[in-house]
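Peer 1: Pasting a structure here, questions to come.
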Amino acid sequence: MFLLIIYNLICVGVLFFCLSDSAYAYIDPGTGSMLLQVLLAGAAGVAVAFKLVFRRFRNIFSFKKPGAISKVEQSDEITKVDATEINQ
Amino acid sequence: MTLKADYKLVEETSIDIGRSLRVEDKRFLPASFRDRLNQVVEVDGKIIRLLSPEGTRLFDKLSAASFYKTSLAKGFFPATRKLSEEEFRQGNFGDQWQAALEHERLPFISYPYEWSFQMLKRGALFELDLQLAALTEGFSLKDGSGFNLQWRGVAPVHIDIPSLEPLAEGSVWSGYRQFCQFFLFPLMLKAYKRVPFNSWLRSEIDGIPLEHFAPLFGWFDLLRGGVLKHVFLHNKLSRVAANAAGGIAGDIKVSGFHKELIVANVKGLRRLIAGLQDSTAKSQWSDYAEENSYAQQEHQVKKEFVENAASAIRPKLTWDIGCNTGGFSKIAAKHSGYVVAFDNDSLCIDRFFLDLESGDYPNILPLVVSFADPSPNLGWRGQERSSIIERGKPDLVLALAVIHHAVISCNIPLSQFVAWIAELSPTAVIEFVSKDDRMTKKLLANRIDQYSDYSLENFERCCEAHYKIVRSVKLASGTRFLYQLEK
């Protein structure tokens with residue numbers, strides 16, 4: 001039952017997933033398989049699932065363009081740029 | 001693998017093969033092309049893995065990790081060393097590579113579709129244990145392919161060392177689906193549906209596809225361990241997610257996914273797989289014991305005959321092409337470098353595998369293979385996975401009590417069967433089971449006897465066309481005959 005609630009929550013969230021900004025490996029892990037791993041994590045995964053879905057809704061209602069990057073990702077970008085400059 | 005095909009692979013990967021090496025000295029292994037960070041070549045019979053600059057950086061990190069060193073020392077990886085800069089330069093491997101590793105050559109390559117239930121289960125648990133060890137130090141498998149696993153006897157070996165990479169923060173296990181398709185689903189198929197997985201795995205280069213596997217399970221099956229999560233919800237989510245416009249890796253990361261969640265998932269998978277059992281196993285094994293209650297004396301003569309032949313030939317590689325539960329493979333193993341023991345009955349191989357795990361015979365690899373339908377070339381260009389014959393020809397073949405199955409059950413002409421063994425091996429021990437034998441009569445019970453070629457005289461003629469008969473013995477039953485053959 002608990003699993004099914006989280007599953008439904010994720011399914012609703014999935015409808016709004018549209019952002020692709022990082023990848024893991026040379027094989028496609030599969031979006032569904034990635035989401036399932038959140039679900040499988042039990043109670044600890046619930047928090048992640050909620051955040052995941054909440055983020056999507058927030059992005060939809062804040063009228064962000066698909067592909068826009070969040071604050072966290074922006075800060076990642078800045079760090080990368082800094083590191084590149086230092087290397088040069 | 002023909003030489004012509006080798007040239008093609010070398011040309012098309014645009015590698016400068018250099019003047020110091022002859023072309024035939026360097027061969028790109030046709031299975032090694034998916035991951036652009038490394039590629040495996042064979043040079044002078046040595047297995048060399050070339051690493052790109054990024055691949056080198058990742059390997060250097062891995063090789064400093066303590067779980068890597070421990071696993072290497074325990075033989076969980078093939079023995080591996082990094083070539084010195086001088087050796088690498090002399091190899092003239094091409095500009096896109098920065099370093100190279102030399103791996104131990106394993107005695108015989110096999111594939112998941114040739115393993116029994118217990119072997120696949122053992123392999124799955126081994127891969128999960130490796131993943132858990134890697135995770136504790138911030139590394140993870142980046143895939144979950146069954147082809148990454150090989151055997152040294154019955155000890156599992158993870159051959160794709162660069163598939164272990166540092167785990168990026170917030171990442172999931174990207175090989176999870178592949179692991180399910182190669183390990184979990186085939187095991188569930190046998191444990192829950194009593195259907196052998198081998199032929200399905202043989203026909204799918206990337207394992208049993210989730211979307212093909214899930215429809216086998218009805219509502220009642222959701223009560224079985226792992227079906228709701230790893231099959232039903234996995235499939236549903238994949239179908240729903242197929243409509244999503246893009247990837248979600250970034251979303252999962254910033255939502256707080258972390259390493260401990262992968263650890264929990266992997267532990268859950270481990271518990272699930274450890275509990276899977278082949279429910280068909282028990283009854284049929286006891287049947288086997290009854291079926292084979294043939295005279296002790298006859299059995300003893302047969303053992304001595306095989307022992308004498310093997311000790312005289314001292315083969316590097318022996319094939320036992322109908323090994324049953326492996327009694328004669330063990331005798332041959334005492335005098336052989338390595339024994340590959342085939343049987344198309346996966347229950348026999350399961351039983352033999354569990355028996356071998358006691359460790360007394362580290363040089364026997366049992367496989368589920370039918371001599372009448374040996375594994376073919378498969379995959380990309382029909383070369384990615386080699387036919388079993390291309391993976392190493394034997395110098396001794398044991399064909400004990402299989403010839404009646406070949407000629408009568410499989411309708412293979414006697415002359416062709418003997419010719420096939422002669423193509424494979426310079427020496428052989430063959431047991432001829434005459435038409436008067438109880439087992440042969442059983443095979444003929446519901447067939448028209450079209451096997452006029454199946455006689456002892458014709459068998460001897462066929463043998464003499466390819467071999468010299470070194471020795472032959474009539475067993476006490478009077479219906480079975482042993483032959484030692486040499487070219």
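Within each chain, counting starts at residue 1; across the structure tokens, chains are named A, B, ... in the order shown, with ligands numbered 1 upward in that order.
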So that I can see what lies close to B:Gln131, please list as number ranges by chain the residues with an atom at most 8 Å from it, counting only C-alpha atoms and leaving out residues fewer than 2 positions away in the same chain.
Peer 2: B: 127-129, 133-135, 140-141, 266
Peer 1: Could you please select, counting only C-alpha atoms, the residues of chain B within 7 Å of chain A and state them as a PyMOL selection string?
Peer 2: chain B and resi 35+142+172+174-175+177+234+237-238+240-241+244-252+255-257+261+264-265
Peer 1: Quick one: everything within 8 Å of stretch 402-409 of chain B, counting only C-alpha atoms, minus sequence neighbours fewer than 6 positions away in the same chain. Send it as a PyMOL selection string.
Peer 2: chain B and resi 321-322+372+417+430-434+440+443-444+451+454
Peer 1: Stretch 179-188 of chain B: which residues within 7 Å, counting only C-alpha atoms, same-chain residues fewer than 4 positions away excluded, as a list of chain:residue names?
Peer 2: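 Residues meeting the cut-off are B:Phe117, B:Leu120, B:Lys121, B:Ala124, B:Gly144, B:Ser145, B:Gly146, B:Gly175, B:Tyr192, B:Phe197, B:Gly207, B:Ile208, B:Pro209, B:Leu210.
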Peer 1: Could you give me, as JSON lines, a per-residue list for stretch 137-206 of chain B showing, wherever an atom lies at most 12 Å from an atom of stretch 339-350 of chain B, the closest pair of atoms and their distance in Å to one decimal, using only C-alpha atoms and sorting by chain then residue number from low to high?
Peer 2:
{"residue": "B:Trp151", "atom": "CA", "partner": "B:Val340", "partner_atom": "CA", "distance": 11.2}
{"residue": "B:Arg152", "atom": "CA", "partner": "B:Val340", "partner_atom": "CA", "distance": 11.0}
{"residue": "B:Gly153", "atom": "CA", "partner": "B:Val339", "partner_atom": "CA", "distance": 8.6}
{"residue": "B:Val154", "atom": "CA", "partner": "B:Val340", "partner_atom": "CA", "distance": 10.9}
{"residue": "B:Lys190", "atom": "CA", "partner": "B:Ser346", "partner_atom": "CA", "distance": 11.0}
{"residue": "B:Arg194", "atom": "CA", "partner": "B:Leu347", "partner_atom": "CA", "distance": 12.0}
{"residue": "B:Val195", "atom": "CA", "partner": "B:Ser346", "partner_atom": "CA", "distance": 11.4}
{"residue": "B:Pro196", "atom": "CA", "partner": "B:Ser346", "partner_atom": "CA", "distance": 8.3}
{"residue": "B:Phe197", "atom": "CA", "partner": "B:Ser346", "partner_atom": "CA", "distance": 10.2}
{"residue": "B:Asn198", "atom": "CA", "partner": "B:Ser346", "partner_atom": "CA", "distance": 9.2}
{"residue": "B:Ser199", "atom": "CA", "partner": "B:Asn344", "partner_atom": "CA", "distance": 11.3}
Peer 1: Expressed in Å to a single decimal, how great is the separation between atom CA of B:Ser425 and atom CA of B:Asp44?
Peer 2: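 Here the two named atoms are 23.8 Å from each other.
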Peer 1: Can you work out the spacing between atom CA of B:Thr479 and atom CA of B:Ala465 in Å, to one decimal?
Peer 2: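 Between atom CA of B:Thr479 and atom CA of B:Ala465 the gap works out to 23.2 Å.
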Peer 1: Please, which residues of stretch 159-356 of chain B, numbered as in this document, come out alpha helix (DSSP H) from DSSP, as a PyMOL selection string?
Peer 2: chain B and resi 176-179+185-193+198-203+210-213+234-241+249-254+259-275+281-291+296-313+327-333+346-356
Peer 1: So how many Å separate atom CA of B:Pro53 and atom CA of B:Gly94, to one decimal?
Peer 2: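 It comes out at 12.1 Å.
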Peer 1: For B:Phe76, find every residue with an atom within 9 Å (counting only C-alpha atoms), except residues of its own chain fewer than 5 positions away, and show them as a VMD selection string.
Peer 2: chain B and resid 70 to 71 126 130 155 to 159
Peer 1: Could those residues be written to a file, using all heavy atoms, as a PDB file, in the first residue's frame?
Peer 2:
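As a result, again_28.pdb now contains:
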ATOM      1  N   THR B  70      42.110  -5.476  -2.382  1.00  0.00           N
ATOM      2  CA  THR B  70      41.676  -6.721  -1.714  1.00  0.00           C
ATOM      3  C   THR B  70      41.052  -7.674  -2.733  1.00  0.00           C
ATOM      4  O   THR B  70      41.351  -8.879  -2.740  1.00  0.00           O
ATOM      5  CB  THR B  70      40.611  -6.389  -0.636  1.00  0.00           C
ATOM      6  OG1 THR B  70      41.068  -5.274   0.085  1.00  0.00           O
ATOM      7  CG2 THR B  70      40.374  -7.556   0.286  1.00  0.00           C
ATOM      8  N   SER B  71      40.170  -7.132  -3.588  1.00  0.00           N
ATOM      9  CA  SER B  71      39.480  -7.981  -4.570  1.00  0.00           C
ATOM     10  C   SER B  71      40.479  -8.609  -5.535  1.00  0.00           C
ATOM     11  O   SER B  71      40.345  -9.771  -5.915  1.00  0.00           O
ATOM     12  CB  SER B  71      38.450  -7.166  -5.357  1.00  0.00           C
ATOM     13  OG  SER B  71      37.521  -6.590  -4.494  1.00  0.00           O
ATOM     14  N   PHE B 126      27.715 -12.576  -6.252  1.00  0.00           N
ATOM     15  CA  PHE B 126      29.105 -12.094  -6.343  1.00  0.00           C
ATOM     16  C   PHE B 126      29.134 -10.644  -6.840  1.00  0.00           C
ATOM     17  O   PHE B 126      29.824  -9.788  -6.272  1.00  0.00           O
ATOM     18  CB  PHE B 126      29.883 -13.008  -7.293  1.00  0.00           C
ATOM     19  CG  PHE B 126      31.256 -12.509  -7.650  1.00  0.00           C
ATOM     20  CD1 PHE B 126      32.324 -12.690  -6.786  1.00  0.00           C
ATOM     21  CD2 PHE B 126      31.483 -11.864  -8.859  1.00  0.00           C
ATOM     22  CE1 PHE B 126      33.588 -12.233  -7.118  1.00  0.00           C
ATOM     23  CE2 PHE B 126      32.744 -11.405  -9.199  1.00  0.00           C
ATOM     24  CZ  PHE B 126      33.809 -11.586  -8.328  1.00  0.00           C
ATOM     25  N   LEU B 130      30.355  -7.356  -4.755  1.00  0.00           N
ATOM     26  CA  LEU B 130      31.383  -6.457  -5.295  1.00  0.00           C
ATOM     27  C   LEU B 130      30.861  -5.014  -5.288  1.00  0.00           C
ATOM     28  O   LEU B 130      31.568  -4.079  -4.903  1.00  0.00           O
ATOM     29  CB  LEU B 130      31.742  -6.889  -6.732  1.00  0.00           C
ATOM     30  CG  LEU B 130      32.847  -6.121  -7.426  1.00  0.00           C
ATOM     31  CD1 LEU B 130      34.169  -6.290  -6.699  1.00  0.00           C
ATOM     32  CD2 LEU B 130      33.002  -6.588  -8.882  1.00  0.00           C
ATOM     33  N   ALA B 155      34.901 -20.501  -9.506  1.00  0.00           N
ATOM     34  CA  ALA B 155      35.051 -19.242  -8.773  1.00  0.00           C
ATOM     35  C   ALA B 155      34.748 -18.074  -9.714  1.00  0.00           C
ATOM     36  O   ALA B 155      35.353 -17.966 -10.775  1.00  0.00           O
ATOM     37  CB  ALA B 155      36.474 -19.123  -8.233  1.00  0.00           C
ATOM     38  N   PRO B 156      33.801 -17.205  -9.344  1.00  0.00           N
ATOM     39  CA  PRO B 156      33.455 -16.097 -10.235  1.00  0.00           C
ATOM     40  C   PRO B 156      34.565 -15.039 -10.312  1.00  0.00           C
ATOM     41  O   PRO B 156      35.281 -14.816  -9.335  1.00  0.00           O
ATOM     42  CB  PRO B 156      32.191 -15.509  -9.603  1.00  0.00           C
ATOM     43  CG  PRO B 156      32.197 -15.973  -8.195  1.00  0.00           C
ATOM     44  CD  PRO B 156      32.978 -17.242  -8.135  1.00  0.00           C
ATOM     45  N   VAL B 157      34.690 -14.423 -11.484  1.00  0.00           N
ATOM     46  CA  VAL B 157      35.707 -13.388 -11.711  1.00  0.00           C
ATOM     47  C   VAL B 157      35.040 -12.236 -12.464  1.00  0.00           C
ATOM     48  O   VAL B 157      34.385 -12.464 -13.482  1.00  0.00           O
ATOM     49  CB  VAL B 157      36.872 -13.931 -12.579  1.00  0.00           C
ATOM     50  CG1 VAL B 157      37.939 -12.871 -12.774  1.00  0.00           C
ATOM     51  CG2 VAL B 157      37.479 -15.181 -11.973  1.00  0.00           C
ATOM     52  N   HIS B 158      35.192 -11.012 -11.950  1.00  0.00           N
ATOM     53  CA  HIS B 158      34.635  -9.840 -12.636  1.00  0.00           C
ATOM     54  C   HIS B 158      35.705  -9.316 -13.592  1.00  0.00           C
ATOM     55  O   HIS B 158      36.723  -8.788 -13.155  1.00  0.00           O
ATOM     56  CB  HIS B 158      34.252  -8.768 -11.605  1.00  0.00           C
ATOM     57  CG  HIS B 158      33.653  -7.547 -12.204  1.00  0.00           C
ATOM     58  ND1 HIS B 158      32.298  -7.418 -12.430  1.00  0.00           N
ATOM     59  CD2 HIS B 158      34.217  -6.405 -12.666  1.00  0.00           C
ATOM     60  CE1 HIS B 158      32.053  -6.246 -12.991  1.00  0.00           C
ATOM     61  NE2 HIS B 158      33.208  -5.601 -13.147  1.00  0.00           N
ATOM     62  N   ILE B 159      35.478  -9.479 -14.896  1.00  0.00           N
ATOM     63  CA  ILE B 159      36.573  -9.170 -15.831  1.00  0.00           C
ATOM     64  C   ILE B 159      36.614  -7.706 -16.267  1.00  0.00           C
ATOM     65  O   ILE B 159      37.658  -7.212 -16.657  1.00  0.00           O
ATOM     66  CB  ILE B 159      36.550 -10.067 -17.092  1.00  0.00           C
ATOM     67  CG1 ILE B 159      35.223  -9.956 -17.836  1.00  0.00           C
ATOM     68  CG2 ILE B 159      36.876 -11.509 -16.730  1.00  0.00           C
ATOM     69  CD1 ILE B 159      35.269 -10.539 -19.233  1.00  0.00           C
TER      70      ILE B 159
END
Peer 1: Write out as a PyMOL selection string which residues come within 8 Å of stretch 390-395 of chain B when counting only C-alpha atoms, dropping same-chain ones fewer than 6 positions away.
Peer 2: chain B and resi 1+108-109+315-319+424-427
Peer 1: My list of candidates is B:Glu307, B:Glu486, B:Glu423, B:Glu137. Which is closest to B:Glu464 when distances are computed with only C-alpha atoms?
Peer 2: B:Glu486
